[in-house]
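Colleague: Below is the file protein-v3.cif, which contains mmCIF, N, CA and C atoms.
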data_coords
#
loop_
_atom_site.label_atom_id
_atom_site.label_comp_id
_atom_site.auth_asym_id
_atom_site.auth_seq_id
_atom_site.Cartn_x
_atom_site.Cartn_y
_atom_site.Cartn_z
N MET U 12 33.23 37.64 36.21
CA MET U 12 34.03 37.42 35.01
C MET U 12 33.28 36.48 34.08
N THR U 13 33.29 36.80 32.81
CA THR U 13 32.58 36.01 31.82
C THR U 13 33.38 34.77 31.47
N SER U 14 32.68 33.63 31.42
CA SER U 14 33.38 32.39 31.11
C SER U 14 33.79 32.36 29.63
N PHE U 15 34.69 31.48 29.32
CA PHE U 15 35.18 31.36 27.95
C PHE U 15 34.06 30.96 27.00
N ARG U 16 33.20 30.05 27.44
CA ARG U 16 32.09 29.60 26.58
C ARG U 16 31.14 30.74 26.27
N THR U 17 30.84 31.57 27.26
CA THR U 17 29.93 32.69 27.05
C THR U 17 30.54 33.69 26.06
N ARG U 18 31.81 34.00 26.22
CA ARG U 18 32.47 34.92 25.29
C ARG U 18 32.49 34.35 23.88
N THR U 19 32.73 33.05 23.76
CA THR U 19 32.75 32.41 22.45
C THR U 19 31.37 32.46 21.81
N ALA U 20 30.34 32.19 22.60
CA ALA U 20 28.97 32.22 22.07
C ALA U 20 28.60 33.63 21.62
N ILE U 21 29.00 34.63 22.40
CA ILE U 21 28.70 36.01 22.04
C ILE U 21 29.43 36.39 20.75
N SER U 22 30.69 36.02 20.64
CA SER U 22 31.45 36.38 19.44
C SER U 22 30.93 35.65 18.21
N ARG U 23 30.36 34.47 18.38
CA ARG U 23 29.79 33.75 17.24
C ARG U 23 28.43 34.30 16.85
N ALA U 24 27.69 34.83 17.80
CA ALA U 24 26.36 35.36 17.51
C ALA U 24 26.43 36.78 16.93
N ALA U 25 27.54 37.46 17.13
CA ALA U 25 27.65 38.85 16.70
C ALA U 25 27.38 39.05 15.21
N PRO U 26 27.93 38.25 14.28
CA PRO U 26 27.62 38.48 12.86
C PRO U 26 26.13 38.35 12.54
N ALA U 27 25.45 37.40 13.19
CA ALA U 27 24.02 37.23 12.94
C ALA U 27 23.24 38.45 13.44
N VAL U 28 23.62 38.94 14.61
CA VAL U 28 22.94 40.11 15.17
C VAL U 28 23.19 41.34 14.28
N ILE U 29 24.40 41.49 13.81
CA ILE U 29 24.73 42.63 12.95
C ILE U 29 23.95 42.55 11.64
N SER U 30 23.84 41.35 11.06
CA SER U 30 23.11 41.23 9.81
C SER U 30 21.62 41.49 10.00
N ILE U 31 21.06 41.07 11.13
CA ILE U 31 19.65 41.35 11.40
C ILE U 31 19.43 42.84 11.58
N ALA U 32 20.35 43.51 12.30
CA ALA U 32 20.22 44.95 12.50
C ALA U 32 20.35 45.70 11.17
N ALA U 33 21.26 45.26 10.33
CA ALA U 33 21.41 45.90 9.02
C ALA U 33 20.16 45.72 8.17
N ALA U 34 19.58 44.53 8.23
CA ALA U 34 18.35 44.27 7.47
C ALA U 34 17.22 45.16 7.97
N ALA U 35 17.13 45.33 9.28
CA ALA U 35 16.07 46.19 9.83
C ALA U 35 16.27 47.64 9.41
N LEU U 36 17.51 48.10 9.40
CA LEU U 36 17.77 49.47 8.98
C LEU U 36 17.45 49.68 7.51
N TRP U 37 17.82 48.72 6.67
CA TRP U 37 17.57 48.85 5.24
C TRP U 37 16.08 48.80 4.94
N SER U 38 15.34 47.94 5.63
CA SER U 38 13.92 47.84 5.32
C SER U 38 13.18 49.11 5.72
N SER U 39 13.55 49.74 6.82
CA SER U 39 12.89 50.98 7.20
C SER U 39 13.26 52.10 6.23
N ALA U 40 14.46 52.07 5.69
CA ALA U 40 14.85 53.07 4.70
C ALA U 40 14.02 52.90 3.43
N ALA U 41 13.71 51.67 3.05
CA ALA U 41 12.89 51.44 1.87
C ALA U 41 11.47 51.94 2.08
N LEU U 42 10.94 51.73 3.28
CA LEU U 42 9.60 52.22 3.55
C LEU U 42 9.57 53.74 3.58
N ALA U 43 10.61 54.35 4.11
CA ALA U 43 10.66 55.81 4.18
C ALA U 43 10.80 56.42 2.78
N SER U 44 11.43 55.70 1.86
CA SER U 44 11.65 56.26 0.54
C SER U 44 10.38 56.31 -0.30
N GLN U 45 9.31 55.67 0.16
CA GLN U 45 8.07 55.66 -0.60
C GLN U 45 7.23 56.91 -0.35
N GLY U 46 7.63 57.74 0.54
CA GLY U 46 6.88 58.96 0.79
C GLY U 46 5.93 58.83 1.96
N PRO U 47 5.09 59.84 2.14
CA PRO U 47 4.23 59.87 3.33
C PRO U 47 3.04 58.94 3.26
N GLY U 48 2.81 58.27 2.18
CA GLY U 48 1.66 57.37 2.10
C GLY U 48 1.73 56.50 0.88
N GLY U 49 0.75 55.64 0.73
CA GLY U 49 0.73 54.75 -0.41
C GLY U 49 -0.23 55.22 -1.49
N GLY U 50 -0.73 56.44 -1.36
CA GLY U 50 -1.72 56.94 -2.30
C GLY U 50 -1.10 57.59 -3.52
N MET U 51 -1.91 58.39 -4.21
CA MET U 51 -1.46 59.07 -5.42
C MET U 51 -0.31 60.03 -5.09
N GLY U 52 0.56 60.18 -6.05
CA GLY U 52 1.69 61.08 -5.87
C GLY U 52 2.95 60.38 -5.40
N THR U 53 2.85 59.11 -5.07
CA THR U 53 4.03 58.34 -4.69
C THR U 53 4.41 57.44 -5.85
N ALA U 54 5.35 56.55 -5.62
CA ALA U 54 5.78 55.63 -6.67
C ALA U 54 4.61 54.74 -7.10
N SER U 55 4.68 54.26 -8.32
CA SER U 55 3.61 53.39 -8.83
C SER U 55 3.59 52.08 -8.04
N PRO U 56 2.46 51.39 -8.06
CA PRO U 56 2.39 50.11 -7.34
C PRO U 56 3.44 49.11 -7.82
N LEU U 57 3.73 49.11 -9.11
CA LEU U 57 4.75 48.20 -9.63
C LEU U 57 6.13 48.55 -9.06
N THR U 58 6.44 49.85 -9.04
CA THR U 58 7.72 50.29 -8.50
C THR U 58 7.83 49.96 -7.02
N GLN U 59 6.75 50.19 -6.27
CA GLN U 59 6.76 49.86 -4.84
C GLN U 59 6.96 48.37 -4.63
N THR U 60 6.32 47.56 -5.45
CA THR U 60 6.46 46.11 -5.32
C THR U 60 7.89 45.66 -5.64
N VAL U 61 8.45 46.20 -6.71
CA VAL U 61 9.82 45.84 -7.09
C VAL U 61 10.80 46.24 -5.98
N ILE U 62 10.65 47.44 -5.45
CA ILE U 62 11.54 47.90 -4.38
C ILE U 62 11.38 47.02 -3.15
N ALA U 63 10.14 46.69 -2.80
CA ALA U 63 9.91 45.85 -1.62
C ALA U 63 10.54 44.47 -1.80
N VAL U 64 10.38 43.89 -2.99
CA VAL U 64 10.98 42.57 -3.25
C VAL U 64 12.49 42.64 -3.16
N LEU U 65 13.09 43.67 -3.73
CA LEU U 65 14.55 43.82 -3.67
C LEU U 65 15.03 44.01 -2.24
N VAL U 66 14.39 44.91 -1.51
CA VAL U 66 14.85 45.21 -0.14
C VAL U 66 14.65 44.02 0.78
N TYR U 67 13.44 43.46 0.79
CA TYR U 67 13.18 42.36 1.71
C TYR U 67 13.90 41.09 1.26
N GLY U 68 14.07 40.90 -0.03
CA GLY U 68 14.83 39.75 -0.51
C GLY U 68 16.29 39.84 -0.10
N MET U 69 16.88 41.03 -0.24
CA MET U 69 18.27 41.21 0.18
C MET U 69 18.40 41.05 1.68
N SER U 70 17.44 41.57 2.42
CA SER U 70 17.46 41.43 3.88
C SER U 70 17.40 39.95 4.26
N ALA U 71 16.53 39.20 3.61
CA ALA U 71 16.41 37.78 3.90
C ALA U 71 17.70 37.03 3.57
N MET U 72 18.35 37.43 2.47
CA MET U 72 19.61 36.78 2.11
C MET U 72 20.70 37.08 3.14
N ILE U 73 20.75 38.31 3.63
CA ILE U 73 21.75 38.66 4.63
C ILE U 73 21.51 37.91 5.92
N VAL U 74 20.26 37.89 6.38
CA VAL U 74 19.94 37.17 7.61
C VAL U 74 20.21 35.68 7.43
N GLY U 75 19.81 35.13 6.29
CA GLY U 75 20.06 33.72 6.03
C GLY U 75 21.54 33.38 6.01
N ALA U 76 22.34 34.23 5.40
CA ALA U 76 23.79 34.00 5.37
C ALA U 76 24.37 34.05 6.77
N GLY U 77 23.90 34.99 7.58
CA GLY U 77 24.37 35.06 8.96
C GLY U 77 24.01 33.82 9.76
N LEU U 78 22.79 33.35 9.59
CA LEU U 78 22.36 32.15 10.31
C LEU U 78 23.10 30.91 9.83
N ILE U 79 23.30 30.78 8.53
CA ILE U 79 24.05 29.64 8.00
C ILE U 79 25.48 29.67 8.52
N GLY U 80 26.09 30.85 8.53
CA GLY U 80 27.45 30.97 9.06
C GLY U 80 27.52 30.59 10.52
N ALA U 81 26.52 31.00 11.31
CA ALA U 81 26.51 30.65 12.73
C ALA U 81 26.37 29.15 12.92
N VAL U 82 25.51 28.52 12.13
CA VAL U 82 25.34 27.06 12.23
C VAL U 82 26.62 26.33 11.84
N LEU U 83 27.25 26.76 10.75
CA LEU U 83 28.49 26.11 10.31
C LEU U 83 29.60 26.27 11.34
N ARG U 84 29.71 27.44 11.93
CA ARG U 84 30.73 27.63 12.97
C ARG U 84 30.46 26.76 14.18
N ARG U 85 29.19 26.63 14.52
CA ARG U 85 28.83 25.80 15.67
C ARG U 85 29.15 24.34 15.40
N GLN U 86 28.89 23.90 14.16
CA GLN U 86 29.19 22.50 13.82
C GLN U 86 30.68 22.22 13.81
N ARG U 87 31.48 23.19 13.34
CA ARG U 87 32.92 23.00 13.33
C ARG U 87 33.49 22.97 14.74
N ALA U 88 32.85 23.67 15.66
CA ALA U 88 33.35 23.71 17.04
C ALA U 88 33.10 22.39 17.77
N ASN U 89 32.07 21.67 17.33
CA ASN U 89 31.75 20.40 18.01
C ASN U 89 32.47 19.24 17.44
#
Could I get this structure in the form of structure tokens?

Modeller:
Amino acid sequence: MTSFRTRTAISRAAPAVISIAAAALWSSAALASQGPGGGMGTASPLTQTVIAVLVYGMSAMIVGAGLIGAVLRRQRAN
């Protein structure tokens, strides 16, 4: 049987894990949207850079929000 502390820790870590998984899914979707390569016939270098900054920036914000939320919940519990 799982102890109360273990269940609490798992339930608090779940939002961070979900946000990391969502970020990983979104970043692979951005890479897939660029086509089969980085050569001619795909999006321009400027477009690829803008998309990468948007996708990875949003991913970083989601992961950061999840980590901040986990830290704040941990501090409130103590």

Colleague: Near segment 21-31 of chain U, within 9 Å and counting only C-alpha atoms, which residues show up once chain neighbours fewer than 5 positions away are dropped, as a PyMOL selection string?

Modeller: chain U and resi 16+36+70-71+73-78+80-81+84-85

Colleague: Could you check how far atom CA of Met69 of chain U sits from atom CA of Gln86 of chain U, in Å to one decimal?

Modeller: 25.6 Å

Colleague: Please, what distance in Å, to one decimal, runs between atom C of Leu65 of chain U and atom N of Leu83 of chain U?

Modeller: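 Calculated distance between atom C of Leu65 of chain U and atom N of Leu83 of chain U is 24.8 Å.
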
Colleague: For the atom pair atom CA of Arg87 of chain U and atom C of Thr19 of chain U, what is the interatomic distance in Å to one decimal place?

Modeller: 12.8 Å
